[in-house]
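Asker: So I've got this file, final_11.cif, and it contains mmCIF, C-alpha atoms:
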data_structure
#
loop_
_atom_site.label_atom_id
_atom_site.label_comp_id
_atom_site.auth_asym_id
_atom_site.auth_seq_id
_atom_site.Cartn_x
_atom_site.Cartn_y
_atom_site.Cartn_z
CA MET H 1 52.62 11.80 127.70
CA GLU H 2 52.45 14.50 125.05
CA ASP H 3 52.92 17.13 127.70
CA ALA H 4 55.91 15.25 128.97
CA GLY H 5 57.42 15.08 125.45
CA THR H 6 56.83 18.76 124.91
CA SER H 7 58.44 19.47 128.22
CA VAL H 8 61.58 17.56 127.28
CA HIS H 9 61.76 19.33 123.94
CA ASP H 10 61.35 22.71 125.59
CA GLN H 11 64.13 21.83 127.99
CA GLN H 12 66.43 20.93 125.08
CA VAL H 13 65.67 24.24 123.32
CA THR H 14 66.27 26.16 126.52
CA LYS H 15 69.59 24.36 127.06
CA TYR H 16 70.67 25.20 123.50
CA ASP H 17 69.79 28.85 123.99
CA GLN H 18 71.76 28.87 127.24
CA ASP H 19 74.78 27.27 125.55
CA SER H 20 74.59 29.77 122.73
CA GLN H 21 74.32 32.63 125.18
CA LEU H 22 77.22 31.17 127.19
CA SER H 23 79.35 31.11 124.06
CA LEU H 24 78.62 34.78 123.40
CA ASP H 25 79.44 35.61 127.06
CA ILE H 26 82.80 33.84 126.81
CA ASN H 27 83.80 35.95 123.82
CA LYS H 28 82.73 39.11 125.59
CA LEU H 29 84.57 38.13 128.74
CA ALA H 30 87.71 37.27 126.80
CA LYS H 31 87.65 40.67 125.12
CA SER H 32 87.17 42.39 128.46
CA LEU H 33 90.05 40.51 130.06
CA ARG H 34 92.40 41.31 127.17
CA ALA H 35 91.56 45.00 127.56
CA GLU H 36 92.32 44.84 131.28
CA MET H 37 95.59 43.02 130.60
CA GLU H 38 96.66 45.78 128.23
CA MET H 39 95.89 48.44 130.83
CA LEU H 40 97.42 46.49 133.71
CA HIS H 41 100.15 48.13 135.74
CA SER H 42 103.46 46.52 134.79
CA PHE H 43 105.13 45.15 137.93
CA SER H 44 108.90 45.49 137.95
CA ASP H 45 111.92 45.26 140.19
CA GLN H 46 111.52 49.02 140.79
CA CYS H 47 108.53 48.31 143.07
CA CYS H 48 109.32 49.41 146.64
CA ILE H 49 106.19 51.08 148.09
CA TYR H 50 103.43 48.82 149.39
CA ARG H 51 100.05 48.68 151.05
CA VAL H 52 100.22 47.29 154.57
CA PRO H 53 99.01 43.65 154.60
CA ILE H 54 95.64 43.23 156.31
CA ARG H 55 97.03 40.82 158.92
CA LEU H 56 99.36 43.59 160.16
CA ARG H 57 97.01 46.53 159.64
CA GLU H 58 94.31 44.92 161.80
CA SER H 59 96.47 45.26 164.92
CA ASN H 60 96.39 49.07 164.81
CA GLU H 61 95.40 50.89 161.63
CA LYS H 62 96.32 54.32 163.01
CA ILE H 63 100.05 53.60 163.01
CA PHE H 64 100.00 53.08 159.22
CA THR H 65 97.77 56.04 158.29
CA PRO H 66 98.98 59.63 157.70
CA HIS H 67 97.47 62.18 160.08
CA VAL H 68 98.67 65.49 158.64
CA VAL H 69 100.05 65.14 155.11
CA ASN H 70 99.56 62.61 152.31
CA LEU H 71 102.61 61.91 150.16
CA GLY H 72 102.29 59.98 146.93
CA PRO H 73 99.19 58.36 145.43
CA LEU H 74 98.11 55.77 148.02
CA HIS H 75 96.41 58.35 150.27
CA HIS H 76 95.98 61.06 147.63
CA GLY H 77 92.75 63.06 147.77
CA LYS H 78 91.68 62.06 151.28
CA GLU H 79 89.29 64.64 152.63
CA GLU H 80 90.82 64.74 156.12
CA LEU H 81 94.26 65.61 154.66
CA LYS H 82 93.20 68.33 152.21
CA ALA H 83 94.13 71.11 154.64
CA MET H 84 97.79 70.48 153.80
CA GLN H 85 97.21 71.04 150.07
CA GLU H 86 97.53 74.81 150.51
CA HIS H 87 100.86 74.33 152.31
CA LYS H 88 102.10 72.24 149.39
CA ILE H 89 101.30 75.03 146.93
CA LEU H 90 102.98 77.63 149.14
CA TYR H 91 106.07 75.43 149.46
CA LEU H 92 106.17 74.92 145.68
CA GLN H 93 106.18 78.69 145.39
CA ASP H 94 109.13 78.86 147.82
CA PHE H 95 110.94 76.12 145.90
CA LEU H 96 110.53 78.01 142.61
CA GLU H 97 111.74 81.23 144.23
CA TRP H 98 114.99 79.57 145.35
CA SER H 99 115.38 77.47 142.21
CA GLU H 100 117.15 78.33 139.00
CA ALA H 101 114.70 76.08 137.15
CA SER H 102 111.29 77.23 135.91
CA MET H 103 107.94 75.60 136.67
CA GLU H 104 107.94 74.10 133.17
CA GLU H 105 111.39 72.59 133.65
CA LEU H 106 110.43 70.99 136.97
CA ILE H 107 107.24 69.57 135.45
CA LYS H 108 109.34 68.09 132.66
CA VAL H 109 111.64 66.39 135.19
CA VAL H 110 108.64 64.60 136.72
CA GLU H 111 106.92 63.91 133.39
CA GLU H 112 110.02 62.18 131.95
CA ARG H 113 110.07 59.84 134.98
CA GLU H 114 106.34 59.10 135.17
CA THR H 115 106.58 55.44 134.16
CA ARG H 116 109.43 54.78 136.56
CA LEU H 117 107.56 56.54 139.35
CA ARG H 118 104.39 54.51 138.76
CA ASN H 119 106.45 51.30 138.77
CA CYS H 120 107.62 52.09 142.31
CA TYR H 121 104.12 51.39 143.67
CA ALA H 122 102.81 47.86 144.15
CA GLU H 123 99.44 48.66 142.62
CA THR H 124 98.03 50.46 139.60
CA ILE H 125 97.66 54.19 140.25
CA ASP H 126 94.27 55.37 139.01
CA LEU H 127 95.35 58.87 138.01
CA GLY H 128 95.81 60.37 134.56
CA SER H 129 99.23 61.68 133.56
CA GLU H 130 98.42 65.31 134.27
CA ASP H 131 97.05 64.65 137.75
CA PHE H 132 99.86 62.19 138.54
CA VAL H 133 102.64 64.59 137.51
CA LYS H 134 101.00 67.49 139.39
CA MET H 135 100.66 65.39 142.55
CA MET H 136 104.28 64.21 142.40
CA LEU H 137 105.66 67.71 141.83
CA LEU H 138 103.65 69.19 144.70
CA ASP H 139 104.49 66.39 147.14
CA ALA H 140 108.18 66.20 146.20
CA SER H 141 108.74 69.96 146.35
CA PHE H 142 106.92 70.04 149.70
CA ILE H 143 109.32 67.47 151.15
CA ILE H 144 112.39 69.21 149.72
CA VAL H 145 111.34 72.53 151.25
CA VAL H 146 110.63 70.84 154.60
CA LEU H 147 114.16 69.40 154.55
CA LEU H 148 115.75 72.73 153.59
CA LYS H 149 113.83 74.71 156.20
CA GLY H 150 114.39 72.05 158.81
CA CYS H 151 118.14 71.69 158.29
CA CYS H 152 119.60 74.87 156.84
CA GLU H 153 119.73 78.46 157.99
CA GLY H 154 118.33 81.17 155.75
CA PHE H 155 115.27 79.34 154.43
CA GLU H 156 112.95 80.22 157.30
CA SER H 157 110.06 82.65 157.00
CA SER H 158 108.18 84.46 159.73
CA ASN H 159 104.74 83.47 158.42
CA ASP H 160 105.47 79.75 158.04
CA ARG H 161 102.52 77.85 159.51
CA ILE H 162 104.43 74.58 159.80
CA PHE H 163 107.75 75.55 161.38
CA ASN H 164 106.13 78.06 163.69
CA LYS H 165 104.08 75.19 165.15
CA PRO H 166 106.57 72.52 166.33
CA TRP H 167 103.86 69.90 166.93
CA MET H 168 102.92 70.01 163.23
CA LEU H 169 106.51 69.38 162.13
CA SER H 170 106.67 66.36 164.46
CA ASP H 171 103.51 64.96 162.90
CA ILE H 172 104.86 65.56 159.39
CA LEU H 173 108.06 63.70 160.30
CA LEU H 174 106.01 60.71 161.44
CA ASP H 175 103.93 60.79 158.25
CA MET H 176 107.21 60.72 156.30
CA CYS H 177 108.00 57.39 158.00
CA LEU H 178 104.86 55.51 156.91
CA ILE H 179 105.38 52.85 154.24
CA GLU H 180 102.15 53.76 152.43
CA ASN H 181 103.11 57.45 152.41
CA GLN H 182 106.41 57.32 150.54
CA LEU H 183 107.87 59.14 147.54
CA PRO H 184 110.65 57.46 145.56
CA PHE H 185 113.94 58.94 146.73
CA PHE H 186 115.25 59.47 143.21
CA ILE H 187 112.57 62.06 142.31
CA LEU H 188 113.60 64.19 145.30
CA GLU H 189 117.26 64.02 144.26
CA ASP H 190 116.46 64.76 140.60
CA LEU H 191 114.25 67.76 141.39
CA LEU H 192 116.73 69.21 143.87
CA LYS H 193 119.56 68.74 141.38
CA ALA H 194 117.51 70.35 138.58
CA SER H 195 116.79 73.34 140.82
CA SER H 196 120.53 74.03 141.32
CA ILE H 197 119.82 75.63 144.69
CA THR H 198 123.00 77.01 146.28
CA ARG H 199 121.38 79.69 148.43
CA TYR H 200 123.07 79.90 151.86
CA SER H 201 125.08 76.79 151.03
CA PRO H 202 128.70 76.76 152.27
CA ALA H 203 131.12 77.32 149.38
CA GLU H 204 128.10 77.61 147.06
CA GLU H 205 127.74 73.83 146.94
CA GLU H 206 124.53 72.17 145.79
CA TYR H 207 122.42 70.56 148.48
CA SER H 208 122.01 66.80 148.68
CA VAL H 209 118.74 65.11 149.66
CA ILE H 210 120.50 62.26 151.46
CA LYS H 211 122.58 64.66 153.60
CA LEU H 212 119.53 66.79 154.34
CA THR H 213 117.53 63.69 155.24
CA TYR H 214 120.19 62.44 157.62
CA LYS H 215 120.46 65.81 159.36
CA PHE H 216 116.67 66.20 159.54
CA PHE H 217 116.18 62.82 161.21
CA GLU H 218 119.30 63.04 163.38
CA GLU H 219 118.04 66.24 165.00
CA ARG H 220 114.64 64.67 165.73
CA GLN H 221 115.25 60.91 165.98
CA ASP H 222 118.94 60.80 166.88
CA SER H 223 118.92 57.32 168.44
CA TRP H 224 117.92 55.85 165.05
CA MET H 225 120.75 57.50 163.12
CA LYS H 226 124.07 55.65 163.31
CA LYS H 227 127.10 57.95 163.38
CA GLY H 228 129.04 58.08 160.12
CA ILE H 229 126.44 55.98 158.29
CA LEU H 230 126.39 58.27 155.22
CA GLU H 231 129.83 56.98 154.29
CA GLU H 232 128.29 53.51 153.93
CA ILE H 233 125.11 54.46 152.03
CA ASN H 234 124.88 55.06 148.29
CA SER H 235 122.03 57.52 147.70
CA SER H 236 121.15 55.82 144.40
CA GLU H 237 120.36 52.66 146.35
CA VAL H 238 117.93 54.34 148.77
CA ALA H 239 114.32 53.60 147.82
CA HIS H 240 112.57 56.09 150.14
CA PHE H 241 112.61 57.40 153.73
CA VAL H 242 111.61 54.09 155.35
CA ASP H 243 114.40 52.35 153.45
CA PHE H 244 116.83 55.09 154.51
CA ILE H 245 116.00 54.60 158.21
CA ARG H 246 116.41 50.84 157.80
CA LYS H 247 119.82 51.29 156.16
CA CYS H 248 120.86 53.55 159.06
CA LEU H 249 120.00 50.73 161.48
CA LYS H 250 121.94 48.02 159.67
CA PRO H 251 124.30 46.23 162.10
CA SER H 252 127.98 47.06 161.72
CA GLU H 253 128.82 43.37 161.54
CA LEU H 254 126.23 40.87 160.38
CA ASP H 255 126.83 37.31 161.61
CA GLN H 256 128.05 35.54 158.48
CA THR H 257 128.21 32.11 160.13
CA GLU H 258 124.44 31.68 159.64
CA LYS H 259 124.06 29.78 162.88
CA GLU H 260 120.64 28.38 163.56
CA LEU H 261 118.70 29.53 166.59
CA GLU H 262 118.25 26.21 168.39
CA THR H 263 115.59 27.38 170.85
CA ILE H 264 113.67 30.51 171.72
CA ASN H 265 114.34 29.94 175.43
CA VAL H 266 116.59 32.97 175.72
CA PRO H 267 117.52 34.33 179.18
CA SER H 268 115.66 37.51 180.07
CA ILE H 269 117.41 40.66 181.31
CA THR H 270 116.47 39.75 184.89
CA GLU H 271 117.87 36.23 184.50
CA LEU H 272 121.06 37.62 182.99
CA HIS H 273 121.34 40.08 185.87
CA GLN H 274 120.93 37.26 188.40
CA ALA H 275 123.67 35.35 186.58
CA GLY H 276 126.05 38.28 187.00
CA VAL H 277 125.84 39.83 183.54
CA LYS H 278 126.59 43.55 183.52
CA PHE H 279 124.84 45.92 181.10
CA ARG H 280 126.61 48.78 179.40
CA PHE H 281 125.33 51.55 177.12
CA LYS H 282 127.10 51.51 173.75
CA PRO H 283 127.00 55.01 172.13
CA GLY H 284 127.25 55.96 168.47
CA LYS H 285 126.33 52.55 167.11
CA SER H 286 123.41 51.07 165.25
CA LEU H 287 120.47 50.11 167.43
CA LEU H 288 121.19 46.51 166.40
CA ASP H 289 124.87 46.48 167.44
CA MET H 290 124.63 44.30 170.55
CA LYS H 291 127.78 42.64 171.86
CA PHE H 292 128.53 40.27 174.75
CA ASP H 293 132.08 39.88 176.01
CA ARG H 294 133.54 38.86 179.40
CA GLY H 295 130.23 39.07 181.20
CA ILE H 296 129.26 42.48 179.79
CA LEU H 297 126.31 42.92 177.41
CA GLU H 298 126.73 46.14 175.43
CA MET H 299 123.59 47.62 173.90
CA PRO H 300 122.95 50.94 172.09
CA LEU H 301 120.30 53.34 173.33
CA LEU H 302 116.67 52.41 172.70
CA LYS H 303 114.45 55.46 173.04
CA ILE H 304 110.86 54.56 173.92
CA ASP H 305 108.19 57.18 173.29
CA ASP H 306 104.79 57.50 171.63
CA ASP H 307 106.37 57.23 168.16
CA THR H 308 108.39 54.05 168.71
CA GLU H 309 105.68 51.63 167.64
CA ILE H 310 104.97 53.61 164.46
CA LEU H 311 108.62 53.52 163.38
CA PHE H 312 109.18 49.85 164.15
CA ARG H 313 105.90 48.71 162.61
CA ASN H 314 106.44 50.48 159.29
CA LEU H 315 110.02 49.19 159.06
CA GLN H 316 108.64 45.73 159.81
CA VAL H 317 106.10 45.96 156.96
CA PHE H 318 108.72 47.15 154.49
CA GLU H 319 111.01 44.27 155.37
CA GLN H 320 108.27 41.67 155.03
CA CYS H 321 107.13 43.06 151.68
CA HIS H 322 110.48 43.88 150.11
CA CYS H 323 113.67 42.70 151.82
CA HIS H 324 115.59 39.43 151.95
CA GLU H 325 117.56 40.31 155.10
CA GLU H 326 115.08 40.94 157.92
CA TYR H 327 117.43 42.30 160.56
CA ILE H 328 114.82 44.71 161.95
CA ALA H 329 112.55 41.72 162.53
CA ASN H 330 115.48 39.93 164.18
CA TYR H 331 116.01 42.88 166.54
CA ILE H 332 112.31 42.98 167.43
CA SER H 333 112.47 39.28 168.29
CA MET H 334 115.69 39.66 170.27
CA ILE H 335 114.49 42.61 172.37
CA ASN H 336 111.30 40.66 173.14
CA PHE H 337 113.35 37.65 174.24
CA LEU H 338 115.25 39.90 176.63
CA VAL H 339 112.40 42.06 177.91
CA ILE H 340 109.64 39.95 179.42
CA THR H 341 108.56 41.89 182.50
CA PRO H 342 108.66 45.49 183.79
CA LYS H 343 111.62 44.42 185.95
CA ASP H 344 113.64 43.84 182.76
CA VAL H 345 112.77 47.35 181.59
CA GLU H 346 113.76 48.80 184.97
CA ILE H 347 117.21 47.19 184.78
CA LEU H 348 117.84 48.55 181.28
CA VAL H 349 116.62 52.02 182.25
CA ARG H 350 118.89 51.98 185.30
CA ASN H 351 121.86 51.14 183.08
CA GLY H 352 121.09 53.87 180.52
CA ILE H 353 120.13 51.50 177.70
CA ILE H 354 116.40 52.30 177.54
CA GLU H 355 115.40 55.97 177.57
CA ASN H 356 111.83 55.80 178.84
CA TRP H 357 109.76 58.79 177.73
CA ILE H 358 106.43 57.20 178.64
CA HIS H 359 107.54 56.81 182.29
CA ASP H 360 105.83 53.47 182.85
CA TYR H 361 107.75 50.18 182.88
CA GLU H 362 104.58 48.15 182.30
CA ALA H 363 103.63 50.31 179.30
CA VAL H 364 107.10 49.83 177.78
CA THR H 365 106.78 46.06 178.13
CA THR H 366 103.35 46.13 176.48
CA LEU H 367 104.60 48.34 173.64
CA LEU H 368 107.52 46.02 172.85
CA HIS H 369 105.25 42.97 172.91
CA ASN H 370 102.77 44.71 170.59
CA ILE H 371 105.53 45.37 168.07
CA SER H 372 106.35 41.66 168.01
CA LYS H 373 102.84 40.69 166.88
CA GLY H 374 102.99 39.47 163.30
CA ASN H 375 106.77 39.67 163.37
CA SER H 376 108.62 37.13 161.25
CA LEU H 377 111.37 35.04 162.81
CA SER H 378 113.54 32.61 160.91
CA ALA H 379 115.60 30.34 163.16
CA ASP H 380 117.87 29.46 160.20
CA ASP H 381 119.48 32.89 159.81
CA PHE H 382 118.87 34.70 163.09
CA ILE H 383 121.58 37.36 163.27
CA PHE H 384 121.75 37.19 167.07
CA ALA H 385 122.12 33.39 167.24
CA SER H 386 125.76 33.53 168.39
CA LEU H 387 124.91 36.18 170.98
CA VAL H 388 122.09 34.00 172.34
CA GLU H 389 124.44 30.99 172.60
CA ASP H 390 127.05 33.03 174.50
CA LEU H 391 124.45 34.40 176.94
CA LYS H 392 123.02 30.96 177.62
CA ALA H 393 126.49 29.47 178.13
CA TYR H 394 127.34 32.21 180.63
CA CYS H 395 124.13 31.59 182.59
CA ARG H 396 124.81 27.85 182.77
CA ARG H 397 128.05 28.31 184.75
CA PRO H 398 127.22 27.90 188.49
CA TRP H 399 130.13 30.05 189.64
CA ASN H 400 128.72 33.07 187.77
CA LYS H 401 125.39 32.73 189.60
CA TRP H 402 127.02 32.19 193.00
CA LYS H 403 129.27 35.21 192.53
CA ALA H 404 126.34 37.34 191.38
CA THR H 405 124.16 36.23 194.29
CA LEU H 406 126.91 37.01 196.77
CA LYS H 407 127.41 40.46 195.33
CA GLN H 408 123.71 41.30 194.87
CA GLU H 409 122.59 39.95 198.24
CA TYR H 410 125.51 40.85 200.49
CA PHE H 411 127.60 43.51 198.74
CA HIS H 412 124.94 45.64 197.07
CA THR H 413 125.48 48.63 199.43
CA PRO H 414 128.40 49.86 201.60
CA TRP H 415 126.33 49.22 204.75
CA ALA H 416 125.67 45.66 203.69
CA ILE H 417 129.42 45.12 203.23
CA ILE H 418 130.14 46.66 206.66
CA SER H 419 127.45 44.49 208.25
CA LEU H 420 128.86 41.37 206.64
CA ILE H 421 132.40 42.21 207.78
CA ALA H 422 131.18 42.95 211.31
CA ALA H 423 129.22 39.70 211.42
CA SER H 424 132.27 37.79 210.17
CA ILE H 425 134.51 39.40 212.80
CA LEU H 426 131.96 38.63 215.51
CA LEU H 427 131.77 35.02 214.32
CA ILE H 428 135.56 34.68 214.36
CA LEU H 429 135.82 36.22 217.85
CA THR H 430 133.09 33.90 219.12
CA MET H 431 134.95 30.90 217.69
CA VAL H 432 138.23 32.10 219.26
CA GLN H 433 136.54 32.58 222.61
CA THR H 434 135.03 29.10 222.41
CA VAL H 435 138.39 27.53 221.58
CA CYS H 436 140.07 29.40 224.45
CA SER H 437 137.38 28.24 226.87
CA LEU H 438 137.90 24.63 225.79
CA ILE H 439 141.66 24.90 226.22
CA GLN H 440 141.30 26.33 229.73
CA VAL H 441 139.06 23.44 230.70
#
Show me the file's structure as C-alpha cells.
Answerer:
Amino acid sequence: MEDAGTSVHDQQVTKYDQDSQLSLDINKLAKSLRAEMEMLHSFSDQCCIYRVPIRLRESNEKIFTPHVVNLGPLHHGKEELKAMQEHKILYLQDFLEWSEASMEELIKVVEERETRLRNCYAETIDLGSEDFVKMMLLDASFIIVVLLKGCCEGFESSNDRIFNKPWMLSDILLDMCLIENQLPFFILEDLLKASSITRYSPAEEEYSVIKLTYKFFEERQDSWMKKGILEEINSSEVAHFVDFIRKCLKPSELDQTEKELETINVPSITELHQAGVKFRFKPGKSLLDMKFDRGILEMPLLKIDDDTEILFRNLQVFEQCHCHEEYIANYISMINFLVITPKDVEILVRNGIIENWIHDYEAVTTLLHNISKGNSLSADDFIFASLVEDLKAYCRRPWNKWKATLKQEYFHTPWAIISLIAASILLILTMVQTVCSLIQV
C-alpha cells in the first residue's frame, strides 16, 4: 500500500513538472511565433507570380520548369541552370555599353523597388537585399538585351552564343513563358527607361518594353498575337510575360449576357460537319474569337506544335491563381468539346484552322485532352454559351442534316454528280419507256 501511495505521489510530482515545463514551452513558442510574424512576407494586391499548384504540376512537371535560363527568385541558384549566369553578365555588360546610365544608377533603380518586387511573388524570398538586387538586375538586363537583339537591327554581335544558336533562343522564349519564371514587367520598363537607349532607334525615340515584347513574340509565336492588340493594352497593367500573352488572347467581344451552359453535350466537329456546318479560317483575330453565323463556324488559327501544351498550361495556372475572368480556361473547354477524335482534327486541318506541326491527328487529340486535365469550367459564366446554343440549334434542324447528307454522299466530287445525273436520266428514260409500253398495249 505504501508503494502504491508513493507511486501516486510520484505521478503527481511528475505531472506538475510536466505542466511547469509546458508553461515554459508555451512562452518560448509564443516568442518564436511573434518573431516569425515580424519577418513574414507581407502579401499584397501586387502579388502576381505563383508556384504551380501540386495538383497541376503532377501531370507533367517539365512543362513548368525552366530548361535554359532561370528568371527571378523561384528557380534562382539551380545548378543545372548556372551555365546561363555567364551570359547574363555578358548581357549586362552590353546593356551598360548602350545605356546612358551607370551601373550604380541601374542598381539604385532596382534597390528603390525592392519591396514592391518582393511583393510580386506569392512566397517569401529567402535572399538578402544585396543578393536580391543583384539577381533582379542581372535577370532584367538579360531579358531587355534579348528583346533588343531579337527585335532591332544594330544590336547583334558576331560572337553572341545565344543568337548564333537559334535552338537556344527558342528555349529561352519558352522559359520566358513559364509562370514560375517571371519578372515583374514594371522593372523591365523602369530599367529600359533609366538607360535612355536610343541607339539605332528611328527618330532617336526611346524603346518600349511592351512594343519589343509584342514584336519578339509575334515573330516567333505569331498565332498567339492578335493584330492591333497594343492599342488595347496599357503597359502599366501588364504584370509579366504570361499576363501579356493572356491579354493578347482576350476575345474581341466577351459575351456580356452571362448565359449559363446548360449541358456539356456539345456537338463535335464531325457532328457539326455531318449537320452541314462549314468551317472557315478567321485571320488576324484572337485565338478565342469564334463566331457562328448562317451555318458557318469561323475560327482563328490554332498552331499545334511541341510548345503548345507549355503555353496553354502556364496560362491556365496563372488564371487559376490570379484572374477572375478565366477565358483561357473557357477556350480549353470549348476546343475539347469540339475536338473528340482524330477525325475532328482532320476536318479542322483540312479547313486551315489547325496548323499541325506534329503531323499526327491522334497526337493532336491527345495533346488537347491533356491540356484540359485540371482545367476549371464554370457553367454560370461560360463565354461560349451562346455559341454552343446556336450550334446545337442548327444541328437539331432535320433539313440541315438531310441537305448535308445529300451533298456529302452524292455531290462530294464532280464524278459523283455526273453519276447521279446519269442515273436520274436513266431512271426517267426507263419510266418513259414503261409508260409508252403500257399505252401501246
Asker: Output the residue selection produced by the PyMOL selection byres ((chain H and resi 227-243) around 8) on the file above, formatted as a ChimeraX atom specification.
Answerer: /H:48,176-179,182-186,210-211,214,225-226,244-248,284-285,314-315,318
Asker: Set the distance at 10 Å and use only C-alpha atoms: which residues neighbour range 325-336 of chain H once local chain neighbours fewer than 6 positions away are removed? I'd like the list as a ChimeraX atom specification.
Answerer: /H:246,249-251,254,264,266,268-269,287-290,312-313,315-319,365,368-379,381-385,387-388
Asker: Going by the chain IDs and residue numbers used in this file, which residues fall under the PyMOL selection byres ((chain H and resi 63-79) around 8)? Write them as a ChimeraX atom specification.
Answerer: /H:51-52,57,60-62,80-82,84,125,132,135-136,139,168,171-172,175-176,178-183,309-310,313-314
Asker: From the set H:Lys291, H:Lys31, H:Lys392, H:Lys149, which residue has the shortest atom-to-atom contact distance to Phe163 in chain H, counting only C-alpha atoms?
Answerer: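 Among the listed residues, H:Lys149 lies closest to Phe163 in chain H.
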Asker: Report, in Å with one decimal, the straight-line distance from CA of Ser252 in chain H to CA of Ser286 in chain H.
Answerer: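 For CA of Ser252 in chain H relative to CA of Ser286 in chain H, the distance reads 7.0 Å.
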Asker: Counting only C-alpha atoms, find residues at most 12 Å from (114.2, 74.9, 155.8) (file frame) and give them as a ChimeraX atom specification.
Answerer: /H:91,94-95,98,141-158,160,162-164,169,199-200,207,212-213,215-216
Asker: Could you check the closest approach to Thr270 in chain H for each of H:Arg396, H:Lys282, H:Lys343, H:Arg220 and tell me which residue wins, using only C-alpha atoms?
Answerer: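 Going through H:Arg396, H:Lys282, H:Lys343, H:Arg220 one by one, the smallest distance to Thr270 in chain H is for H:Lys343.
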Asker: Just the residues within 10 Å of range 345-350 of chain H, please, counting only C-alpha atoms, with nothing from its chain fewer than 3 positions along; format it as JSON, numbers by chain.
Answerer: {"H": [269, 270, 273, 279, 280, 281, 299, 301, 302, 338, 339, 340, 341, 342, 353, 354, 355, 356, 360, 361, 362, 363, 364, 365]}
Asker: Find the distance between CA of Glu298 in chain H and CA of Pro267 in chain H and write it in Å to one decimal.
Answerer: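 These two atoms are separated by 15.4 Å.
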